[in-house]
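Peer 1: start_0.csv (CSV, C-alpha atoms and all ligand atoms) pasted underneath:
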```csv
chain,number,residue,atom,x,y,z
A,1,MET,CA,46.6,63.2,23.5
A,2,ASN,CA,47.9,61.1,26.4
A,3,LYS,CA,46.5,61.1,29.9
A,4,LEU,CA,49.2,63.4,31.2
A,5,GLN,CA,48.0,66.0,28.7
A,6,LYS,CA,44.3,65.3,29.2
A,7,ASP,CA,44.2,65.2,33.1
A,8,GLY,CA,47.4,67.0,34.0
A,9,TYR,CA,48.9,63.8,35.6
A,10,SER,CA,49.3,60.2,34.9
A,11,ARG,CA,50.4,57.0,36.7
A,12,TYR,CA,52.8,54.4,35.2
A,13,ASP,CA,54.4,51.0,35.9
A,14,LEU,CA,57.8,51.4,34.2
A,15,MET,CA,59.0,48.0,35.4
A,16,LYS,CA,56.4,46.6,33.1
A,17,SER,CA,56.5,49.0,30.2
A,18,LEU,CA,60.3,49.3,30.0
A,19,ASN,CA,60.9,45.6,30.5
A,20,TYR,CA,64.1,44.4,28.8
A,21,GLU,CA,66.8,41.8,29.2
A,22,GLY,CA,68.9,43.0,32.2
A,23,ILE,CA,66.4,45.5,33.7
A,24,GLU,CA,66.7,43.7,37.1
A,25,GLN,CA,70.5,44.1,37.3
A,26,ASP,CA,70.2,47.8,36.3
A,27,TYR,CA,67.5,48.3,38.9
A,28,ASN,CA,69.6,46.6,41.5
A,29,GLU,CA,72.5,48.8,40.7
A,30,ILE,CA,70.4,51.9,41.3
A,31,LEU,CA,68.8,50.4,44.4
A,32,ALA,CA,72.3,49.7,45.9
A,33,TYR,CA,73.4,53.2,45.1
A,34,PHE,CA,70.5,54.6,47.2
A,35,ALA,CA,71.9,52.8,50.3
A,36,ASP,CA,74.7,55.4,50.5
A,37,LEU,CA,73.2,58.7,49.5
A,38,PRO,CA,74.7,61.8,51.3
A,39,GLU,CA,72.6,63.8,53.6
A,40,ASP,CA,70.8,66.7,52.0
A,41,ASP,CA,73.0,69.7,52.9
A,42,TYR,CA,70.0,71.9,52.8
A,43,ALA,CA,67.9,69.8,55.1
A,44,PRO,CA,70.4,68.7,57.9
A,45,ASN,CA,69.0,66.3,60.5
A,46,LEU,CA,65.7,66.0,58.6
A,47,ASN,CA,66.3,62.4,57.6
A,48,ARG,CA,66.5,63.4,53.9
A,49,TYR,CA,69.3,62.2,51.7
A,50,ARG,CA,69.9,63.1,48.1
A,51,ARG,CA,71.9,63.5,44.9
A,52,TYR,CA,71.2,65.5,41.8
A,53,SER,CA,72.5,65.8,38.3
A,54,ARG,CA,71.4,67.6,35.1
A,55,ALA,CA,71.1,66.4,31.6
A,56,ILE,CA,69.7,67.6,28.3
A,57,VAL,CA,67.7,65.7,25.7
A,58,LEU,CA,68.0,66.7,22.1
A,59,PRO,CA,64.5,66.7,20.5
A,60,GLY,CA,64.7,64.8,17.2
A,61,THR,CA,67.6,62.5,18.0
A,62,GLU,CA,66.5,62.0,21.6
A,63,ASP,CA,70.2,61.7,22.7
A,64,VAL,CA,70.7,62.3,26.4
A,65,PHE,CA,73.8,64.3,27.5
A,66,TRP,CA,74.8,64.8,31.1
A,67,LEU,CA,76.0,68.2,32.0
A,68,PRO,CA,79.5,68.7,33.6
A,69,THR,CA,79.7,68.9,37.3
A,70,ILE,CA,81.5,71.4,39.6
A,71,GLU,CA,84.4,70.0,41.7
A,72,ARG,CA,85.1,71.3,45.2
A,73,ASN,CA,87.7,69.5,47.4
A,74,GLY,CA,87.4,66.3,45.4
A,75,VAL,CA,83.6,66.2,45.6
A,76,ASP,CA,81.4,66.6,42.5
A,77,TYR,CA,78.4,68.9,42.7
A,78,SER,CA,75.6,69.9,40.3
A,79,ALA,CA,74.0,73.3,40.6
A,80,TYR,CA,70.3,73.7,40.8
A,81,PHE,CA,68.0,76.7,40.4
A,82,GLN,CA,64.6,76.3,41.9
A,83,GLY,CA,62.9,79.3,40.4
A,84,LYS,CA,60.1,80.9,42.3
A,85,PHE,CA,57.7,78.0,43.0
A,86,ASN,CA,59.1,76.3,46.1
A,87,PRO,CA,58.0,78.4,49.0
A,88,GLU,CA,60.7,77.0,51.3
A,89,HIS,CA,63.6,78.0,48.9
A,90,SER,CA,62.2,80.8,46.8
A,91,GLY,CA,64.4,81.7,43.9
A,92,SER,CA,67.4,80.0,45.5
A,93,TYR,CA,70.5,78.6,43.9
A,94,ARG,CA,71.6,75.4,45.4
A,95,GLU,CA,74.4,72.8,44.8
A,96,PHE,CA,73.8,69.1,45.4
A,97,HIS,CA,76.2,66.2,45.4
A,98,SER,CA,76.2,64.8,41.9
A,99,ILE,CA,75.0,61.4,40.8
A,100,ASP,CA,78.2,59.3,40.0
A,101,GLU,CA,79.2,58.7,36.4
A,102,ASN,CA,78.6,54.9,36.5
A,103,ILE,CA,75.0,55.5,37.6
A,104,ARG,CA,74.5,58.4,35.1
A,105,SER,CA,75.3,55.8,32.4
A,106,ASN,CA,72.9,53.1,33.8
A,107,LYS,CA,70.7,52.0,30.9
A,108,LEU,CA,67.6,51.9,33.0
A,109,LEU,CA,68.0,55.5,34.3
A,110,ASN,CA,68.5,56.7,30.7
A,111,ASP,CA,65.5,54.6,29.5
A,112,ILE,CA,63.4,56.2,32.2
A,113,ILE,CA,64.5,59.7,31.1
A,114,ILE,CA,63.5,59.0,27.5
A,115,ALA,CA,60.2,57.2,28.5
A,116,ASN,CA,59.2,60.3,30.5
A,117,TYR,CA,60.3,62.6,27.7
A,118,HIS,CA,58.0,60.7,25.3
A,119,GLU,CA,55.1,61.6,27.7
A,120,THR,CA,55.9,65.3,27.6
A,121,PHE,CA,54.5,67.7,25.0
A,122,TRP,CA,56.0,71.0,23.8
A,123,ASN,CA,55.4,73.9,21.4
A,124,GLU,CA,57.2,73.4,18.1
A,125,GLU,CA,59.6,76.3,18.9
A,126,ASP,CA,60.5,74.6,22.3
A,127,LYS,CA,61.9,71.7,20.3
A,128,ILE,CA,64.4,73.7,18.4
A,129,LEU,CA,66.7,73.8,21.4
A,130,PRO,CA,67.5,71.1,24.1
A,131,ILE,CA,65.0,70.1,26.8
A,132,HIS,CA,66.6,70.4,30.2
A,133,VAL,CA,66.3,67.5,32.6
A,134,GLY,CA,66.9,67.6,36.4
A,135,VAL,CA,67.4,64.2,38.1
A,136,HIS,CA,67.0,64.0,41.8
A,137,PHE,CA,67.7,60.9,43.8
A,138,VAL,CA,65.9,61.4,47.1
A,139,LYS,CA,65.7,59.1,50.1
A,140,LEU,CA,63.6,59.6,53.2
A,141,TYR,CA,65.1,57.4,56.0
A,142,VAL,CA,63.7,56.9,59.5
A,143,GLU,CA,65.7,54.9,62.1
A,144,ASN,CA,63.6,55.3,65.3
A,145,ASP,CA,60.0,55.4,66.3
A,146,GLY,CA,59.0,59.0,66.3
A,147,ASP,CA,61.5,60.0,63.6
A,148,LYS,CA,59.8,61.9,60.8
A,149,ALA,CA,61.1,62.6,57.3
A,150,VAL,CA,59.5,65.3,55.3
A,151,SER,CA,59.5,66.2,51.6
A,152,SER,CA,60.0,69.8,50.5
A,153,PRO,CA,57.7,71.6,50.4
A,154,ASN,CA,55.4,69.9,52.9
A,155,CYS,CA,52.2,71.1,51.2
A,156,LEU,CA,50.4,70.8,47.9
A,157,HIS,CA,52.5,72.7,45.5
A,158,GLN,CA,53.6,73.2,41.9
A,159,ASP,CA,57.3,72.8,41.0
A,160,GLY,CA,57.7,75.5,38.3
A,161,GLU,CA,59.2,73.1,35.7
A,162,PRO,CA,56.5,72.1,33.2
A,163,PHE,CA,56.8,68.4,33.9
A,164,THR,CA,57.9,66.3,36.9
A,165,PHE,CA,57.9,62.5,37.2
A,166,ALA,CA,58.4,60.5,40.3
A,167,HIS,CA,59.7,56.9,40.2
A,168,LEU,CA,59.6,54.7,43.3
A,169,ILE,CA,62.9,52.8,43.9
A,170,GLU,CA,62.0,51.3,47.3
A,171,ARG,CA,59.4,51.6,50.0
A,172,LYS,CA,60.1,49.7,53.2
A,173,ASN,CA,58.6,49.7,56.7
A,174,ILE,CA,57.1,53.2,56.7
A,175,VAL,CA,53.7,54.8,57.2
A,176,GLY,CA,53.0,57.9,55.1
A,177,GLY,CA,54.6,58.7,51.9
A,178,THR,CA,51.1,59.1,50.5
A,179,ASN,CA,50.8,61.1,47.2
A,180,ALA,CA,48.0,63.5,46.4
A,181,ILE,CA,47.1,65.2,43.2
A,182,ALA,CA,44.9,68.3,43.4
A,183,VAL,CA,43.7,71.3,41.4
A,184,PRO,CA,46.3,74.1,41.1
A,185,GLU,CA,44.2,76.4,43.3
A,186,ALA,CA,44.9,74.0,46.3
A,187,ALA,CA,48.6,74.8,46.2
A,188,GLY,CA,49.9,76.0,49.6
A,189,ASN,CA,47.4,73.9,51.5
A,190,ASN,CA,47.7,70.5,53.1
A,191,PRO,CA,45.3,67.9,51.5
A,192,GLU,CA,43.4,67.7,54.8
A,193,ASP,CA,43.0,71.5,54.8
A,194,THR,CA,41.6,71.9,51.3
A,195,ASP,CA,38.1,71.3,50.1
A,196,GLU,CA,37.8,67.6,49.2
A,197,ASN,CA,36.4,68.5,45.8
A,198,ASN,CA,39.9,70.0,45.1
A,199,ILE,CA,41.6,66.6,45.5
A,200,ILE,CA,41.8,64.6,42.3
A,201,GLU,CA,43.5,61.4,43.5
A,202,VAL,CA,45.2,60.0,46.6
A,203,PHE,CA,47.5,57.0,46.2
A,204,GLU,CA,50.6,55.3,47.4
A,205,MET,CA,53.4,53.9,45.3
A,206,GLU,CA,54.4,50.4,46.5
A,207,ASN,CA,56.4,48.6,43.9
A,208,PRO,CA,59.7,49.3,42.2
A,209,LEU,CA,59.3,51.7,39.3
A,210,GLU,CA,55.7,52.5,40.1
A,211,SER,CA,55.6,56.1,38.9
A,212,TYR,CA,53.6,59.2,38.2
A,213,GLY,CA,54.1,62.4,36.3
A,214,VAL,CA,52.5,65.8,36.4
A,215,TYR,CA,52.0,68.6,33.9
A,216,ASP,CA,52.7,71.2,36.4
A,217,PRO,CA,50.5,74.1,35.2
A,218,ASN,CA,47.3,72.0,35.5
A,219,VAL,CA,47.7,70.3,38.9
A,220,SER,CA,49.3,70.6,42.3
A,221,HIS,CA,50.9,67.6,44.0
A,222,TYR,CA,52.0,66.5,47.5
A,223,VAL,CA,53.7,63.6,49.3
A,224,SER,CA,53.0,63.2,53.0
A,225,PRO,CA,55.8,62.8,55.7
A,226,VAL,CA,57.2,59.4,56.4
A,227,GLU,CA,57.5,57.7,59.7
A,228,LYS,CA,58.8,54.3,60.7
A,229,GLY,CA,56.4,51.4,60.3
A,230,SER,CA,55.7,48.7,62.9
A,231,GLU,CA,58.3,46.2,61.7
A,232,GLN,CA,61.8,45.7,63.2
A,233,GLY,CA,64.5,47.9,61.7
A,234,THR,CA,64.6,51.1,59.8
A,235,GLY,CA,62.2,52.5,57.3
A,236,LEU,CA,62.8,54.3,54.0
A,237,ARG,CA,61.2,55.6,50.9
A,238,SER,CA,63.5,56.1,47.9
A,239,VAL,CA,62.4,57.9,44.7
A,240,ILE,CA,63.9,59.3,41.5
A,241,LEU,CA,62.3,62.7,40.6
A,242,ILE,CA,62.9,63.9,37.1
A,243,ASP,CA,61.8,67.3,35.8
A,244,TYR,CA,61.7,68.6,32.3
A,245,GLN,CA,61.8,72.2,31.0
A,246,GLN,CA,62.4,73.9,27.7
A,247,THR,CA,65.4,76.1,27.0
A,248,VAL,CA,64.2,79.6,28.0
A,249,VAL,CA,65.4,82.2,25.5
A,250,ALA,CA,65.9,85.7,26.9
A,251,ASP,CA,63.2,88.2,25.9
A,252,VAL,CA,65.2,91.1,24.4
A,253,ASP,CA,62.5,93.6,25.2
A,254,GLU,CA,62.7,92.9,29.0
B,301,FE,FE,57.2,68.7,43.7
```
Once more with this new file: its structure as structure tokens, please.
Peer 2:
Amino acid sequence: MNKLQKDGYSRYDLMKSLNYEGIEQDYNEILAYFADLPEDDYAPNLNRYRRYSRAIVLPGTEDVFWLPTIERNGVDYSAYFQGKFNPEHSGSYREFHSIDENIRSNKLLNDIIIANYHETFWNEEDKILPIHVGVHFVKLYVENDGDKAVSSPNCLHQDGEPFTFAHLIERKNIVGGTNAIAVPEAAGNNPEDTDENNIIEVFEMENPLESYGVYDPNVSHYVSPVEKGSEQGTGLRSVILIDYQQTVVADVDE
């Protein structure tokens, strides 16, 4: 039983554990790609930028396949269904700009997807069909003093997908972006507004590919808003969020 299963969450250093010849170049390709993410259409003027694509992992062979995108006016989109857990977008269907093909085939990104997958645990019957993987590239970017960039939802919450992993790509000249892990009952609250006994750990990710994962039913999680730090120039926090869920087979009695 790994720590994720035992405690409901775990922290990782994937730059260390995935280390291979060429990891730096692959990381730099992803880092450069974050420089030019489009604004989140669903959070205009909130200093949030993002792309999203979906893949499946085949249990057994552990092959990763990226799902086809939807094209509108020459732009590729990937559809997203949040389910019922995000209080700001309850049950909503959304379409995000896709992650480009050259990045979808980046070895480091695919290694991260499989490394996370190895941490997850499933019922035997869940492993008959593909595991669904949602990959979000999210950048919070603040240009001026007083600007604030907020993650959604801005409270302790559960995602709905059984597993979510967050991987830091870059953190530069910001204050905030502090992570908190809490008991499930604390969902809906800000960490400051909940009993301190409900908080399991508070931490910040500083270094490239510093990461954490949650087993969603057993914990709630949070990341605080980001503001510009005291140095010259802009501030940003870039992460890759990856969620995993089993293929849900319709219940014929419903
Ligand atoms: Fe979340």
Peer 1: Could you give me, as a list in words, the residues within 10 Å of A:Asp36, counting only C-alpha atoms and dropping anything in the same chain fewer than 5 positions from it?
Peer 2: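 That gives Leu31, Tyr49, Arg50 and Lys139 of chain A.
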Peer 1: Would you list the residues that come within 8 Å of ligand FE 301 (chain B)? Count all atoms listed in the file and give the answer as a list in words.
Peer 2: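 Every residue with an atom at most 8 Å from ligand FE 301 (chain B) is listed here: Ser152, Pro153, His157, Gln158, Asp159, Thr164, His221 and Tyr222 of chain A.
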Peer 1: Counting all atoms listed in the file, select every polymer residue within 6 Å of (46.3, 70.4, 44.0) as defined in the file's coordinates, and provide the selection as a list in words.
Peer 2: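 The residues that fall inside the cut-off are Leu156, Ile181, Ala182, Val183, Pro184, Ala186, Ala187, Val219, Ser220 and His221 of chain A.
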Peer 1: Filtering to C-alpha atoms, could you give me those residues as a PDB file, keeping the file's coordinate frame?
Peer 2:
```
ATOM      1  CA  LEU A 156      50.400  70.800  47.900  1.00  0.00           C
ATOM      2  CA  ILE A 181      47.100  65.200  43.200  1.00  0.00           C
ATOM      3  CA  ALA A 182      44.900  68.300  43.400  1.00  0.00           C
ATOM      4  CA  VAL A 183      43.700  71.300  41.400  1.00  0.00           C
ATOM      5  CA  PRO A 184      46.300  74.100  41.100  1.00  0.00           C
ATOM      6  CA  ALA A 186      44.900  74.000  46.300  1.00  0.00           C
ATOM      7  CA  ALA A 187      48.600  74.800  46.200  1.00  0.00           C
ATOM      8  CA  VAL A 219      47.700  70.300  38.900  1.00  0.00           C
ATOM      9  CA  SER A 220      49.300  70.600  42.300  1.00  0.00           C
ATOM     10  CA  HIS A 221      50.900  67.600  44.000  1.00  0.00           C
TER      11      HIS A 221
END
```
Peer 1: Write out as a ChimeraX atom specification which residues come within 12 Å of A:Ala79 when counting all atoms listed in the file, dropping same-chain ones fewer than 6 positions away.
Peer 2: /A:51-55,67-71,92-99,134-136
Peer 1: Between atom CA of A:Gly146 and atom CA of A:Glu227, measure the distance and give it in Å to one decimal.
Peer 2: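 Atom-to-atom, atom CA of A:Gly146 to atom CA of A:Glu227, that is 6.9 Å.
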Peer 1: One decimal, Å: what's the distance from atom CA of A:Glu210 over to atom CA of A:His167, could you say?
Peer 2: 5.9 Å
Peer 1: Just the residues within 8 Å of stretch 235-245 of chain A, please, counting only C-alpha atoms, with nothing from its chain fewer than 3 positions along; format it as a PyMOL selection string.
Peer 2: chain A and resi 34+113+117+131-143+161-174+177+226-229
Peer 1: Please list as a PyMOL selection string every residue within 12 Å of A:Lys127, counting all atoms listed in the file and excluding residues in the same chain fewer than 3 positions away.
Peer 2: chain A and resi 56-62+117+120-124+130-132+245-248
Peer 1: Write a file of the selected residues as a compact mmCIF listing (two decimals), keeping the file's coordinate frame, keeping C-alpha atoms.
Peer 2:
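As a result, again_17.txt now contains:
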```txt
# COMPACT_ATOMS: atom_id res chain seq x y z
CA ILE A 56 69.70 67.60 28.30
CA VAL A 57 67.70 65.70 25.70
CA LEU A 58 68.00 66.70 22.10
CA PRO A 59 64.50 66.70 20.50
CA GLY A 60 64.70 64.80 17.20
CA THR A 61 67.60 62.50 18.00
CA GLU A 62 66.50 62.00 21.60
CA TYR A 117 60.30 62.60 27.70
CA THR A 120 55.90 65.30 27.60
CA PHE A 121 54.50 67.70 25.00
CA TRP A 122 56.00 71.00 23.80
CA ASN A 123 55.40 73.90 21.40
CA GLU A 124 57.20 73.40 18.10
CA PRO A 130 67.50 71.10 24.10
CA ILE A 131 65.00 70.10 26.80
CA HIS A 132 66.60 70.40 30.20
CA GLN A 245 61.80 72.20 31.00
CA GLN A 246 62.40 73.90 27.70
CA THR A 247 65.40 76.10 27.00
CA VAL A 248 64.20 79.60 28.00
```
Peer 1: Hey, can you check how far atom CA of A:Asp100 sits from atom CA of A:Glu24?
Peer 2: 19.6 Å
Peer 1: Show me the residues around (54.4, 59.3, 35.3) - criterion: an atom at most 7 Å away, all atoms listed in the file counted - as a CSV table (one decimal) with C-alpha atoms, in the frame of the given file.
Peer 2:
```
chain,number,residue,atom,x,y,z
A,10,SER,CA,49.3,60.2,34.9
A,11,ARG,CA,50.4,57.0,36.7
A,12,TYR,CA,52.8,54.4,35.2
A,116,ASN,CA,59.2,60.3,30.5
A,165,PHE,CA,57.9,62.5,37.2
A,166,ALA,CA,58.4,60.5,40.3
A,211,SER,CA,55.6,56.1,38.9
A,212,TYR,CA,53.6,59.2,38.2
A,213,GLY,CA,54.1,62.4,36.3
A,214,VAL,CA,52.5,65.8,36.4
```
Peer 1: Restricting the calculation to all atoms listed in the file: of A:Ser17, A:Ser224, A:Asn47, A:Asn207, which residue gets closest to A:Glu192?
Peer 2: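 The shortest atom-to-atom distance to A:Glu192 comes from A:Ser224.
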